file model.txt (compact mmCIF, C-alpha atoms)
# COMPACT_ATOMS: atom_id res chain seq x y z
CA MET M 91 10.67 131.91 17.14
CA PHE M 92 9.79 130.48 20.54
CA LEU M 93 9.22 127.08 18.92
CA LYS M 94 12.61 127.28 17.22
CA ILE M 95 14.39 128.06 20.50
CA LYS M 96 12.50 125.24 22.16
CA ILE M 97 13.57 122.82 19.42
CA ASN M 98 17.16 124.04 19.65
CA PHE M 99 17.16 123.47 23.38
CA PHE M 100 15.61 120.07 22.86
CA VAL M 101 18.29 119.15 20.31
CA PHE M 102 21.00 120.51 22.59
CA PHE M 103 19.83 118.43 25.56
CA LEU M 104 19.34 115.39 23.39
CA ILE M 105 22.90 115.65 22.09
CA PHE M 106 24.13 116.43 25.58
CA PHE M 107 22.49 113.34 27.09
CA ILE M 108 23.56 111.07 24.24
CA TYR M 109 27.09 112.35 24.69
CA GLN M 110 26.86 111.87 28.44
CA GLU M 111 25.55 108.35 27.99
CA SER M 112 28.33 107.33 25.65
CA SER M 113 31.09 108.99 27.60
CA ILE M 114 30.15 107.87 31.11
CA SER M 115 28.67 104.39 30.76
CA ILE M 116 31.40 101.78 30.74
CA GLU M 117 31.23 98.66 28.62
CA PRO M 118 31.64 95.61 30.91
CA ASN M 119 34.41 94.09 28.77
CA ILE M 120 36.41 97.33 28.88
CA PHE M 121 35.78 97.57 32.62
CA VAL M 122 37.12 94.02 33.15
CA GLN M 123 40.16 94.48 30.92
CA SER M 124 41.02 97.76 32.60
CA THR M 125 40.62 96.20 36.08
CA VAL M 126 42.78 93.26 35.06
CA ASN M 127 45.40 95.59 33.61
CA ARG M 128 45.50 97.61 36.82
CA ALA M 129 45.95 94.45 38.91
CA SER M 130 48.53 93.15 36.48
CA THR M 131 50.54 96.36 36.72
CA VAL M 132 50.56 96.08 40.52
CA LEU M 133 51.67 92.43 40.37
CA GLY M 134 54.30 93.10 37.74
CA ASP M 135 55.89 96.15 39.34
CA GLY M 136 58.59 95.88 41.94
CA TYR M 137 56.35 96.43 44.97
CA SER M 138 56.85 94.52 48.20
CA LYS M 139 54.24 91.85 49.01
CA GLU M 140 52.58 94.13 51.58
CA GLU M 141 52.38 97.00 49.07
CA LYS M 142 50.94 94.68 46.47
CA ILE M 143 48.29 93.45 48.91
CA GLN M 144 47.29 97.02 49.83
CA LYS M 145 47.06 98.12 46.18
CA LEU M 146 45.04 95.03 45.26
CA LYS M 147 42.69 95.75 48.15
CA ASP M 148 42.16 99.29 46.83
CA ILE M 149 41.33 97.97 43.37
CA ALA M 150 38.92 95.38 44.82
CA GLU M 151 37.10 97.97 46.93
CA GLU M 152 36.54 100.05 43.81
CA THR M 153 35.51 97.34 41.39
CA VAL M 154 33.90 94.48 43.36
CA ASP M 155 30.44 94.51 44.92
CA ILE M 156 31.77 93.12 48.20
CA ARG M 157 28.58 93.77 50.15
CA GLY M 158 26.48 92.10 47.44
CA ILE M 159 28.70 89.04 47.30
CA GLY M 160 28.64 88.87 51.10
CA PHE M 161 24.87 88.70 51.23
CA TYR M 162 24.69 86.27 48.32
CA THR M 163 27.08 83.92 50.09
CA LEU M 164 24.82 83.86 53.14
CA GLY M 165 22.16 82.14 51.02
CA LYS M 166 19.01 81.20 52.93
CA HIS M 167 20.53 82.43 56.20
CA ARG M 168 20.44 85.99 54.89
CA LYS M 169 16.76 86.30 55.78
CA THR M 170 17.28 85.24 59.39
CA LEU M 171 19.68 88.08 60.29
CA ASN M 172 18.57 91.21 62.14
CA ASP M 173 19.95 94.63 61.17
CA GLN M 174 22.66 94.54 63.82
CA GLN M 175 23.84 91.13 62.65
CA LYS M 176 23.76 92.29 59.03
CA ASP M 177 26.04 95.23 59.86
CA LYS M 178 28.40 92.99 61.80
CA TYR M 179 28.46 90.45 58.99
CA SER M 180 29.05 93.08 56.30
CA LYS M 181 32.10 94.42 58.12
CA LEU M 182 33.50 90.95 58.82
CA PHE M 183 32.90 89.75 55.27
CA LYS M 184 34.55 92.81 53.78
CA ASN M 185 37.73 92.22 55.81
CA TYR M 186 37.61 88.51 55.09
CA PHE M 187 37.11 89.05 51.37
CA LEU M 188 39.86 91.64 50.99
CA LYS M 189 42.34 89.51 52.90
CA SER M 190 41.46 86.32 51.06
CA PHE M 191 41.33 87.96 47.63
CA SER M 192 44.52 89.98 47.90
CA SER M 193 46.63 87.22 49.45
CA ARG M 194 45.47 84.81 46.73
CA LEU M 195 46.40 87.20 43.96
CA ALA M 196 49.62 88.50 45.47
CA GLU M 197 51.21 85.09 44.92
CA TYR M 198 50.91 85.44 41.16
CA SER M 199 53.52 87.31 39.18
CA ASN M 200 52.04 89.28 36.34
CA PRO M 201 49.31 86.94 35.06
CA GLN M 202 48.17 87.74 31.52
CA ILE M 203 44.39 87.84 31.16
CA ASP M 204 42.83 88.62 27.79
CA VAL M 205 39.16 89.57 27.52
CA ILE M 206 37.63 87.82 24.53
CA SER M 207 33.87 88.47 24.53
CA GLN M 208 30.85 89.54 26.52
CA GLU M 209 27.24 88.41 26.69
CA LYS M 210 24.44 90.46 28.19
CA ILE M 211 22.24 87.97 30.03
CA SER M 212 19.76 90.47 31.52
CA ASP M 213 19.37 94.18 32.21
CA LYS M 214 21.41 93.68 35.35
CA TYR M 215 24.07 91.22 34.29
CA THR M 216 26.69 90.79 31.62
CA ILE M 217 29.06 87.83 31.53
CA VAL M 218 32.51 88.85 30.30
CA SER M 219 34.65 85.96 29.06
CA SER M 220 38.41 86.03 29.36
CA ILE M 221 41.40 83.73 29.13
CA LEU M 222 44.23 83.42 31.61
CA VAL M 223 47.06 82.75 29.19
CA ALA M 224 48.87 79.42 29.67
CA THR M 225 52.33 79.27 31.20
CA LYS M 226 54.85 76.43 31.39
CA GLU M 227 53.38 75.43 34.75
CA ARG M 228 49.68 75.42 33.96
CA PRO M 229 47.34 75.23 30.99
CA GLU M 230 45.14 78.08 29.70
CA VAL M 231 42.28 78.87 32.07
CA GLN M 232 38.90 80.27 31.08
CA ILE M 233 37.64 82.95 33.46
CA ASP M 234 34.17 84.46 33.19
CA TRP M 235 33.23 87.57 35.12
CA ARG M 236 29.67 88.20 36.31
CA ILE M 237 29.31 91.96 36.02
CA TYR M 238 26.44 93.75 37.72
CA THR M 239 25.40 96.47 35.30
CA LYS M 240 22.28 97.92 36.87
CA ASP M 241 24.17 101.21 37.06
CA PRO M 242 26.01 101.30 33.72
CA GLU M 243 28.20 104.12 34.99
CA LYS M 244 29.52 101.97 37.79
CA PRO M 245 29.70 98.31 36.80
CA LEU M 246 30.71 95.96 39.61
CA ILE M 247 32.17 92.46 39.69
CA ARG M 248 29.92 89.99 41.47
CA ASP M 249 31.47 86.65 40.64
CA LEU M 250 34.40 84.94 38.98
CA ILE M 251 33.62 81.72 37.17
CA ILE M 252 36.80 79.74 36.60
CA GLU M 253 36.43 76.94 34.04
CA GLY M 254 32.70 76.99 34.78
CA LEU M 255 33.13 76.91 38.57
CA SER M 256 31.65 79.84 40.44
CA LEU M 257 33.72 81.23 43.30
CA ALA M 258 30.67 82.93 44.84
CA ARG M 259 28.72 79.69 44.81
CA THR M 260 31.66 77.80 46.33
CA GLN M 261 31.89 80.45 49.04
CA LYS M 262 28.15 80.24 49.68
CA GLU M 263 28.30 76.47 50.09
CA GLU M 264 31.32 76.74 52.37
CA PHE M 265 29.55 79.27 54.62
CA ASN M 266 26.40 77.15 54.63
CA SER M 267 28.42 74.12 55.70
CA ILE M 268 29.93 76.05 58.62
CA ILE M 269 26.52 77.30 59.77
CA GLN M 270 24.82 73.89 59.34
CA SER M 271 27.50 71.99 61.21
CA ASN M 272 26.95 74.38 64.12
CA ASP M 273 23.19 73.79 64.32
CA GLY M 274 22.34 76.84 62.25
CA ASP M 275 24.18 79.26 64.55
CA ILE M 276 25.29 82.29 62.53
CA ASN M 277 27.73 83.23 65.30
CA ALA M 278 29.84 80.20 64.31
CA LEU M 279 30.37 81.81 60.91
CA PHE M 280 31.20 85.16 62.53
CA SER M 281 33.74 83.42 64.74
CA ASN M 282 35.32 81.59 61.77
CA LEU M 283 35.53 84.85 59.83
CA LYS M 284 37.22 86.59 62.76
CA ASP M 285 39.72 83.74 63.10
CA PHE M 286 40.53 83.94 59.38
CA ILE M 287 40.99 87.72 59.50
CA ASN M 288 43.31 87.43 62.53
CA ARG M 289 45.40 84.60 61.05
CA MET G 102 42.27 43.25 45.93
CA ARG G 103 40.16 44.09 42.89
CA LYS G 104 37.13 42.24 44.27
CA ILE G 105 37.46 43.98 47.62
CA LEU G 106 37.57 47.35 45.86
CA ILE G 107 34.50 46.58 43.76
CA ILE G 108 32.52 45.29 46.76
CA PHE G 109 33.55 48.38 48.69
CA LEU G 110 32.44 50.74 45.93
CA ILE G 111 29.11 48.97 45.39
CA ALA G 112 28.42 48.86 49.11
CA PHE G 113 28.96 52.57 49.37
CA SER G 114 26.95 53.56 46.37
CA VAL G 115 24.00 51.35 47.37
CA THR G 116 24.08 52.41 50.99
CA PHE G 117 24.19 56.08 50.23
CA SER G 118 22.19 56.38 47.04
CA ALA G 119 19.10 57.68 48.79
CA ASN G 120 16.66 59.53 46.58
CA ALA G 121 18.64 62.61 45.50
CA LYS G 122 17.33 63.31 42.02
CA SER G 123 18.35 66.91 41.73
CA ASN G 124 21.29 68.04 39.63
CA ASP G 125 21.62 71.26 41.61
CA THR G 126 24.94 71.12 43.45
CA GLY G 127 23.50 72.68 46.60
CA ASN G 128 20.86 69.95 46.86
CA VAL G 129 23.12 66.91 46.69
CA LYS G 130 22.82 65.27 50.08
CA ASP G 131 25.86 64.56 52.19
CA CYS G 132 24.29 61.45 53.75
CA SER G 133 27.46 60.25 55.43
CA GLU G 134 29.25 63.47 56.25
CA GLY G 135 31.14 61.96 59.20
CA PHE G 136 32.61 59.20 57.08
CA ASN G 137 33.23 61.57 54.17
CA ARG G 138 35.13 64.04 56.32
CA ALA G 139 37.26 61.23 57.78
CA SER G 140 37.94 59.90 54.28
CA PHE G 141 38.75 63.42 53.11
CA LYS G 142 41.30 63.81 55.93
CA PHE G 143 42.82 60.45 55.02
CA ASN G 144 43.13 61.57 51.40
CA GLN G 145 44.72 64.85 52.50
CA VAL G 146 47.36 62.93 54.46
CA LEU G 147 47.97 60.76 51.40
CA ASP G 148 48.15 63.85 49.22
CA LYS G 149 50.69 65.61 51.42
CA ALA G 150 52.84 62.50 51.87
CA ILE G 151 52.80 61.14 48.32
CA VAL G 152 50.70 62.82 45.62
CA ARG G 153 51.67 66.45 46.12
CA PRO G 154 55.44 65.79 46.30
CA LEU G 155 55.12 63.69 43.13
CA ALA G 156 53.15 66.49 41.45
CA VAL G 157 55.81 69.04 42.43
CA GLY G 158 58.48 66.79 40.94
CA TYR G 159 56.37 66.14 37.85
CA ARG G 160 56.10 69.89 37.24
CA LYS G 161 59.88 70.08 37.10
CA LEU G 162 59.95 67.78 34.09
CA PRO G 163 60.38 69.51 30.71
CA ASN G 164 57.12 70.91 29.35
CA SER G 165 57.33 68.62 26.32
CA VAL G 166 57.41 65.52 28.57
CA ARG G 167 54.32 66.66 30.44
CA ILE G 168 52.47 67.42 27.20
CA ILE G 169 53.34 63.98 25.82
CA THR G 170 52.16 62.34 29.07
CA SER G 171 48.86 64.27 28.99
CA ASN G 172 48.36 63.34 25.34
CA PHE G 173 48.93 59.66 26.07
CA LEU G 174 46.49 59.67 29.00
CA ASN G 175 43.86 61.59 27.02
CA ASN G 176 44.15 59.15 24.15
CA LEU G 177 43.71 56.25 26.57
CA SER G 178 40.67 57.86 28.16
CA ASN G 179 39.05 57.95 24.73
CA LEU G 180 38.38 54.23 25.23
CA ILE G 181 35.79 55.19 27.87
CA THR G 182 34.67 58.41 26.19
CA ILE G 183 33.62 56.82 22.89
CA PRO G 184 31.07 54.31 24.31
CA ASN G 185 29.74 57.10 26.53
CA ASN G 186 29.35 59.48 23.58
CA ALA G 187 27.22 56.76 22.01
CA LEU G 188 25.25 56.10 25.23
CA GLN G 189 24.44 59.81 25.40
CA GLY G 190 23.22 59.77 21.80
CA GLU G 191 26.12 61.91 20.59
CA PHE G 192 27.08 59.77 17.63
CA GLY G 193 28.85 62.61 15.81
CA LYS G 194 31.18 63.08 18.78
CA ALA G 195 31.65 59.30 19.05
CA GLY G 196 32.76 59.24 15.39
CA ASN G 197 35.03 62.23 15.91
CA ASN G 198 36.66 60.63 18.97
CA LEU G 199 36.99 57.27 17.23
CA ALA G 200 38.85 59.01 14.40
CA ARG G 201 40.98 60.87 16.98
CA LEU G 202 41.82 57.59 18.70
CA GLY G 203 42.77 55.96 15.39
CA ILE G 204 44.91 58.85 14.19
CA ASN G 205 46.64 59.56 17.49
CA SER G 206 47.31 55.88 18.21
CA THR G 207 48.96 55.38 14.83
CA ILE G 208 50.36 58.57 13.31
CA GLY G 209 50.57 60.07 16.82
CA ILE G 210 52.63 57.07 18.06
CA ILE G 211 50.42 55.37 20.71
CA GLY G 212 48.86 58.72 21.55
CA LEU G 213 52.04 60.55 22.49
CA PHE G 214 51.30 63.28 19.95
CA ASP G 215 47.90 64.88 19.43
CA VAL G 216 48.04 64.86 15.63
CA ALA G 217 44.23 64.87 15.36
CA THR G 218 43.95 68.37 16.87
CA SER G 219 46.57 69.66 14.42
CA MET G 220 44.47 68.15 11.64
CA GLY G 221 41.45 70.17 12.79
CA PHE G 222 39.41 67.54 14.64
CA GLU G 223 36.92 68.82 17.20
CA GLU G 224 38.37 69.45 20.67
CA TYR G 225 38.38 66.42 22.95
CA GLU G 226 36.05 66.32 25.94
CA LYS G 227 36.16 63.38 28.35
CA GLU G 228 32.97 61.47 29.10
CA ASP G 229 32.35 58.70 31.62
CA TYR G 230 29.58 56.35 32.76
CA GLY G 231 28.58 58.66 35.61
CA GLN G 232 27.85 61.40 33.07
CA SER G 233 25.95 58.97 30.85
CA LEU G 234 23.81 57.84 33.80
CA ALA G 235 23.00 61.51 34.47
CA VAL G 236 22.08 62.15 30.84
CA LEU G 237 19.87 59.05 30.96
CA GLY G 238 18.00 60.59 33.90
CA SER G 239 19.70 59.27 37.02
CA GLY G 240 20.02 61.67 39.95
CA PRO G 241 23.41 62.08 41.65
CA GLY G 242 22.45 60.28 44.86
CA CYS G 243 24.48 61.14 47.91
CA TYR G 244 27.85 62.85 47.90
CA LEU G 245 30.72 60.52 48.72
CA VAL G 246 34.41 60.88 49.41
CA LEU G 247 36.09 57.61 48.56
CA PRO G 248 39.42 56.78 50.16
CA ILE G 249 42.22 57.26 47.60
CA LEU G 250 39.77 57.92 44.73
CA GLY G 251 38.46 61.19 46.19
CA PRO G 252 35.13 63.04 45.70
CA SER G 253 32.28 61.25 43.98
CA THR G 254 28.54 60.69 44.16
CA ALA G 255 26.59 57.45 44.38
CA ARG G 256 25.84 57.74 40.65
CA ASP G 257 29.45 58.39 39.70
CA THR G 258 30.59 55.49 41.89
CA VAL G 259 28.16 53.17 40.10
CA GLY G 260 29.65 54.50 36.83
CA THR G 261 33.15 53.65 38.05
CA VAL G 262 32.06 50.15 39.06
CA PHE G 263 30.43 49.68 35.65
CA GLY G 264 33.80 50.44 34.08
CA MET G 265 35.26 47.59 36.11
CA PHE G 266 32.54 45.21 34.91
CA GLY G 267 33.40 45.46 31.25
CA GLY G 268 32.74 49.12 30.43
CA ASP G 269 36.38 50.14 30.36
CA PRO G 270 38.33 48.44 27.54
CA TRP G 271 41.67 49.50 29.09
CA TYR G 272 40.68 47.84 32.37
CA ASN G 273 39.56 44.76 30.45
CA VAL G 274 42.87 44.23 28.67
CA THR G 275 45.04 44.97 31.68
CA VAL G 276 43.33 43.82 34.86
CA LYS G 277 40.29 41.74 33.93
CA ASN G 278 41.71 39.58 31.17
CA ASP G 279 45.09 37.96 31.19
CA THR G 280 46.64 39.12 27.93
CA GLN G 281 50.23 38.72 26.88
CA TYR G 282 50.50 42.37 25.89
CA PHE G 283 49.61 44.18 29.09
CA ARG G 284 50.07 43.67 32.78
CA GLU G 285 47.68 44.50 35.62
CA SER G 286 50.16 47.08 36.85
CA ASP G 287 49.85 49.02 33.54
CA TYR G 288 46.32 49.98 34.52
CA TYR G 289 47.23 51.14 38.02
CA ILE G 290 50.31 52.99 36.78
CA SER G 291 48.25 54.84 34.15
CA LYS G 292 45.62 55.78 36.76
CA SER G 293 48.30 56.94 39.21
CA VAL G 294 50.07 59.05 36.58
CA SER G 295 46.70 60.50 35.60
CA GLY G 296 46.14 61.51 39.24
CA VAL G 297 49.58 63.11 39.50
CA ASP G 298 49.08 64.91 36.17
CA PHE G 299 45.77 66.34 37.43
CA ARG G 300 47.32 67.36 40.76
CA ALA G 301 50.26 69.03 38.99
CA LYS G 302 47.95 71.02 36.72
CA ASN G 303 45.97 72.21 39.74
CA LEU G 304 48.83 72.55 42.20
CA ASP G 305 48.64 76.30 42.79
CA ALA G 306 44.86 76.45 42.63
CA LEU G 307 44.36 73.67 45.21
CA ASP G 308 47.10 74.95 47.51
CA ASN G 309 45.60 78.41 47.32
CA LEU G 310 42.10 77.11 47.97
CA GLU G 311 43.24 75.14 51.00
CA GLU G 312 45.09 78.11 52.44
CA ASN G 313 42.14 80.44 52.00
CA SER G 314 39.30 78.10 52.99
CA MET G 315 37.66 78.03 56.38
CA ASP G 316 36.10 74.65 55.53
CA PHE G 317 38.24 73.06 52.82
CA TYR G 318 36.06 69.94 52.74
CA ALA G 319 32.98 72.04 51.86
CA SER G 320 34.90 74.02 49.21
CA VAL G 321 36.15 70.87 47.47
CA LYS G 322 32.67 69.34 47.63
CA SER G 323 31.13 72.42 46.04
CA LEU G 324 33.77 72.57 43.28
CA TYR G 325 33.49 68.86 42.53
CA LEU G 326 29.71 68.99 42.23
CA GLN G 327 29.79 72.13 40.09
CA ASP G 328 32.40 70.53 37.85
CA ARG G 329 30.31 67.39 37.40
CA GLN G 330 27.25 69.51 36.61
CA GLN G 331 29.19 71.37 33.91
CA LYS G 332 30.56 68.14 32.46
CA ILE G 333 27.12 66.55 32.33
CA LEU G 334 25.80 69.62 30.52
CA ASN G 335 28.94 69.66 28.33
CA SER G 336 29.20 73.33 29.10
CA LYS G 337 31.57 75.81 30.64
CA LYS G 338 28.96 78.53 30.38
CA THR G 339 27.75 79.78 33.72
CA ILE G 340 24.48 81.09 32.43
CA GLU G 341 23.30 77.62 31.48
CA ALA G 342 24.08 76.08 34.83
CA GLN G 343 23.31 78.75 37.39
CA ASP G 344 20.18 80.23 38.77
CA ASP G 345 20.29 84.02 38.90
CA SER G 346 17.30 84.41 41.18
CA GLU G 347 19.30 84.58 44.39
CA TRP G 348 21.42 87.41 43.03
CA ASP G 349 18.30 89.33 42.03
CA GLU G 350 17.34 90.05 45.63
CA ILE G 351 20.62 91.74 46.40
CA SER G 352 21.30 95.43 45.80
CA PRO G 353 24.76 96.98 45.91
CA GLU G 354 25.90 99.58 48.45

call {"tool": "encode", "arguments": {"input": "model.txt", "output": "structure tokens"}}
result
Amino acid sequence: MFLKIKINFFVFFLIFFIYQESSISIEPNIFVQSTVNRASTVLGDGYSKEEKIQKLKDIAEETVDIRGIGFYTLGKHRKTLNDQQKDKYSKLFKNYFLKSFSSRLAEYSNPQIDVISQEKISDKYTIVSSILVATKERPEVQIDWRIYTKDPEKPLIRDLIIEGLSLARTQKEEFNSIIQSNDGDINALFSNLKDFINR
Amino acid sequence: MRKILIIFLIAFSVTFSANAKSNDTGNVKDCSEGFNRASFKFNQVLDKAIVRPLAVGYRKLPNSVRIITSNFLNNLSNLITIPNNALQGEFGKAGNNLARLGINSTIGIIGLFDVATSMGFEEYEKEDYGQSLAVLGSGPGCYLVLPILGPSTARDTVGTVFGMFGGDPWYNVTVKNDTQYFRESDYYISKSVSGVDFRAKNLDALDNLEENSMDFYASVKSLYLQDRQQKILNSKKTIEAQDDSEWDEISPE
């Protein structure tokens, strides 16, 4: 009798966890398509530019690993920062990223992005491939999304690879150039970030 | 004029071809950053005064005209792609592109219509001598920004010069040899239209990048070198060209 109850409980928990797993974990391709659809709705609706920017910022804060991208873009300089500088940088980068990202996107009117496939490249990363559908003005563009999937319940975007060109890598090399041309002084980057945010 | 240009290109590539063997975009040396930045500024002035306005006007042309122009230019570029397919040992692609060239130049009326794609031929990918040199083992050398011609590397500049010394059949029949069918200006017009076509296709992206960059020179350099890396690998797949190790150290919030 005791064994039977134990087995029943075991089966119950097994089913419960399987159910939990399938209902909570989000497939990266579905995550990307849903994020794109949300952004597309914002861009397509009759919001003012300011409203669009704010709504896009909200979506980005939810779906992009801004802190992770920030530290990736610091490259080798990441290891030279003390905790205080790291905090300062994180805050500056977040504001910089949200401003840059939302103002870039807000210019587009209802872009159509179709997710076509996904490839799991490690336990932590899946590359989701999508197509920005061609318009009269520009040809079709291939966009790959680097999705950080360490926590399958909360996938996060870490990079956009447009026609094979990584935005995170471009950003990293831009930041490195600013630091190098100022004799390795990280404060030069902080100052440039502040100027950009206040533009 | 032609000789001056060739001497200029060779001088640059030789002067700045110091020992960079790596294909990693971050490791390509910017040996003459001062000159490159000045040249970049010059090109930006040229872009704003001439190229960009032309690209804006070009985009106002009917879509069919722009498609026909792109088709014609692509067909012409096949003249460089085919020998480079062969140099890279890709004889199947060379055959495919040779057939494309034949079909599009005849049935497609001097390349105005891409009939070959409609017939199911493999998608066209441009190749050049810079890419072939890379496949044959040459490192990129130093990064260069050439006045008018734009971003390059020592290796890619040598590739361009090689085209002028017989490697580019279109250059041979227009500029190098005096034929009764083509004029020297045909070559320069085709190259100029090609530049405007490229600028028009990337108008929003480049404008956006400039507006949102803190160091536009560095952004363009990074994108150019990544693009070359992808083209050399004949891949648009990130996972083949990028090292994940730097991401691995970073944890999310």

call {"tool": "closest_atom_pairs", "arguments": {"input": "model.txt", "of": "chain M", "to": "chain G", "cutoff": "8 Å", "atoms": "all atoms listed in the file", "output": "tab-separated table"}}
result
residue	atom	partner	partner_atom	distance
M:Asp155	CA	G:Pro353	CA	6.3
M:Arg157	CA	G:Pro353	CA	6.5
M:Gly158	CA	G:Pro353	CA	5.4
M:Phe161	CA	G:Ile351	CA	7.1
M:Tyr162	CA	G:Trp348	CA	6.3
M:Gly165	CA	G:Glu347	CA	7.6
M:Ser190	CA	G:Asn313	CA	6.0
M:Arg194	CA	G:Asn309	CA	6.4
M:Ile211	CA	G:Ile340	CA	7.6
M:Lys226	CA	G:Asn164	CA	6.3
M:Glu227	CA	G:Arg160	CA	6.7
M:Arg228	CA	G:Lys302	CA	5.5
M:Pro229	CA	G:Lys302	CA	7.1
M:Asp234	CA	G:Thr339	CA	8.0
M:Ile251	CA	G:Thr339	CA	7.1
M:Glu253	CA	G:Lys337	CA	6.0
M:Gly254	CA	G:Lys337	CA	4.5
M:Leu255	CA	G:Gln327	CA	6.0
M:Ser256	CA	G:Thr339	CA	7.8
M:Arg259	CA	G:Ser323	CA	7.8
M:Thr260	CA	G:Ser323	CA	5.4
M:Gln261	CA	G:Ser320	CA	7.1
M:Glu263	CA	G:Ser323	CA	6.4
M:Glu264	CA	G:Ala319	CA	5.0
M:Ser267	CA	G:Ala319	CA	6.3
M:Ile268	CA	G:Asp316	CA	7.0
M:Asn282	CA	G:Met315	CA	6.9
M:Leu283	CA	G:Met315	CA	7.9
M:Phe286	CA	G:Met315	CA	7.2

call {"tool": "write_last_selection", "arguments": {"input": "model.txt", "atoms": "C-alpha atoms", "output": "short mmCIF file (atom, residue, chain, number, x, y, z; two decimals), keeping the file's coordinate frame"}}
result
data_model
loop_
_atom_site.label_atom_id
_atom_site.label_comp_id
_atom_site.auth_asym_id
_atom_site.auth_seq_id
_atom_site.Cartn_x
_atom_site.Cartn_y
_atom_site.Cartn_z
CA ASP M 155 30.44 94.51 44.92
CA ARG M 157 28.58 93.77 50.15
CA GLY M 158 26.48 92.10 47.44
CA PHE M 161 24.87 88.70 51.23
CA TYR M 162 24.69 86.27 48.32
CA GLY M 165 22.16 82.14 51.02
CA SER M 190 41.46 86.32 51.06
CA ARG M 194 45.47 84.81 46.73
CA ILE M 211 22.24 87.97 30.03
CA LYS M 226 54.85 76.43 31.39
CA GLU M 227 53.38 75.43 34.75
CA ARG M 228 49.68 75.42 33.96
CA PRO M 229 47.34 75.23 30.99
CA ASP M 234 34.17 84.46 33.19
CA ILE M 251 33.62 81.72 37.17
CA GLU M 253 36.43 76.94 34.04
CA GLY M 254 32.70 76.99 34.78
CA LEU M 255 33.13 76.91 38.57
CA SER M 256 31.65 79.84 40.44
CA ARG M 259 28.72 79.69 44.81
CA THR M 260 31.66 77.80 46.33
CA GLN M 261 31.89 80.45 49.04
CA GLU M 263 28.30 76.47 50.09
CA GLU M 264 31.32 76.74 52.37
CA SER M 267 28.42 74.12 55.70
CA ILE M 268 29.93 76.05 58.62
CA ASN M 282 35.32 81.59 61.77
CA LEU M 283 35.53 84.85 59.83
CA PHE M 286 40.53 83.94 59.38
#

call {"tool": "atom_distance", "arguments": {"input": "model.txt", "atom1": "atom CA of Ile276 of chain M", "atom2": "atom CA of Phe141 of chain G"}}
result
25.0 Å

call {"tool": "closest_residue", "arguments": {"input": "model.txt", "among": "M:Gln270, M:Gln202, M:Thr163, M:Ser124", "to": "Ser180 of chain M", "atoms": "only C-alpha atoms"}}
result
M:Thr163

call {"tool": "residues_around", "arguments": {"input": "model.txt", "residues": "Ser171 of chain G", "least_positions_apart": "4", "cutoff": "9 Å", "atoms": "all atoms listed in the file", "output": "compact mmCIF listing (two decimals) with C-alpha atoms, in the frame of the given file"}}
result
# COMPACT_ATOMS: atom_id res chain seq x y z
CA VAL G 166 57.41 65.52 28.57
CA ARG G 167 54.32 66.66 30.44
CA ASN G 175 43.86 61.59 27.02
CA ASN G 176 44.15 59.15 24.15
CA LEU G 213 52.04 60.55 22.49
CA SER G 295 46.70 60.50 35.60
CA ASP G 298 49.08 64.91 36.17

call {"tool": "closest_residue", "arguments": {"input": "model.txt", "among": "M:Lys244, M:Arg128, M:Lys284, M:Arg168", "to": "Lys145 of chain M", "atoms": "all atoms listed in the file"}}
result
M:Arg128

call {"tool": "axis_aligned_box", "arguments": {"input": "model.txt", "around": "segment 293-304 of chain G", "padding_each_side": "8 Å", "output": "JSON"}}
result
{"center_x": 48.0, "center_y": 64.7, "center_z": 38.9, "size_x": 20.5, "size_y": 31.6, "size_z": 22.6}

call {"tool": "atom_distance", "arguments": {"input": "model.txt", "atom1": "atom CA of Phe263 of chain G", "atom2": "atom CA of Leu188 of chain G"}}
result
13.3 Å

call {"tool": "residues_near_point", "arguments": {"input": "model.txt", "point": "(48.1, 60.3, 33.6)", "cutoff": "10 Å", "atoms": "only C-alpha atoms", "output": "list in words"}}
result
Arg167, Thr170, Ser171, Asn172, Phe173, Leu174, Asn175, Leu177, Ser178, Ile290, Ser291, Lys292, Ser293, Val294, Ser295, Gly296, Val297, Asp298 and Phe299 of chain G

call {"tool": "write_last_selection", "arguments": {"input": "model.txt", "atoms": "C-alpha atoms", "output": "mmCIF file, in the frame of the given file"}}
result
data_model
loop_
_atom_site.group_PDB
_atom_site.id
_atom_site.type_symbol
_atom_site.label_atom_id
_atom_site.label_comp_id
_atom_site.auth_asym_id
_atom_site.auth_seq_id
_atom_site.Cartn_x
_atom_site.Cartn_y
_atom_site.Cartn_z
ATOM 1 C CA ARG G 167 54.320 66.660 30.440
ATOM 2 C CA THR G 170 52.160 62.340 29.070
ATOM 3 C CA SER G 171 48.860 64.270 28.990
ATOM 4 C CA ASN G 172 48.360 63.340 25.340
ATOM 5 C CA PHE G 173 48.930 59.660 26.070
ATOM 6 C CA LEU G 174 46.490 59.670 29.000
ATOM 7 C CA ASN G 175 43.860 61.590 27.020
ATOM 8 C CA LEU G 177 43.710 56.250 26.570
ATOM 9 C CA SER G 178 40.670 57.860 28.160
ATOM 10 C CA ILE G 290 50.310 52.990 36.780
ATOM 11 C CA SER G 291 48.250 54.840 34.150
ATOM 12 C CA LYS G 292 45.620 55.780 36.760
ATOM 13 C CA SER G 293 48.300 56.940 39.210
ATOM 14 C CA VAL G 294 50.070 59.050 36.580
ATOM 15 C CA SER G 295 46.700 60.500 35.600
ATOM 16 C CA GLY G 296 46.140 61.510 39.240
ATOM 17 C CA VAL G 297 49.580 63.110 39.500
ATOM 18 C CA ASP G 298 49.080 64.910 36.170
ATOM 19 C CA PHE G 299 45.770 66.340 37.430
#
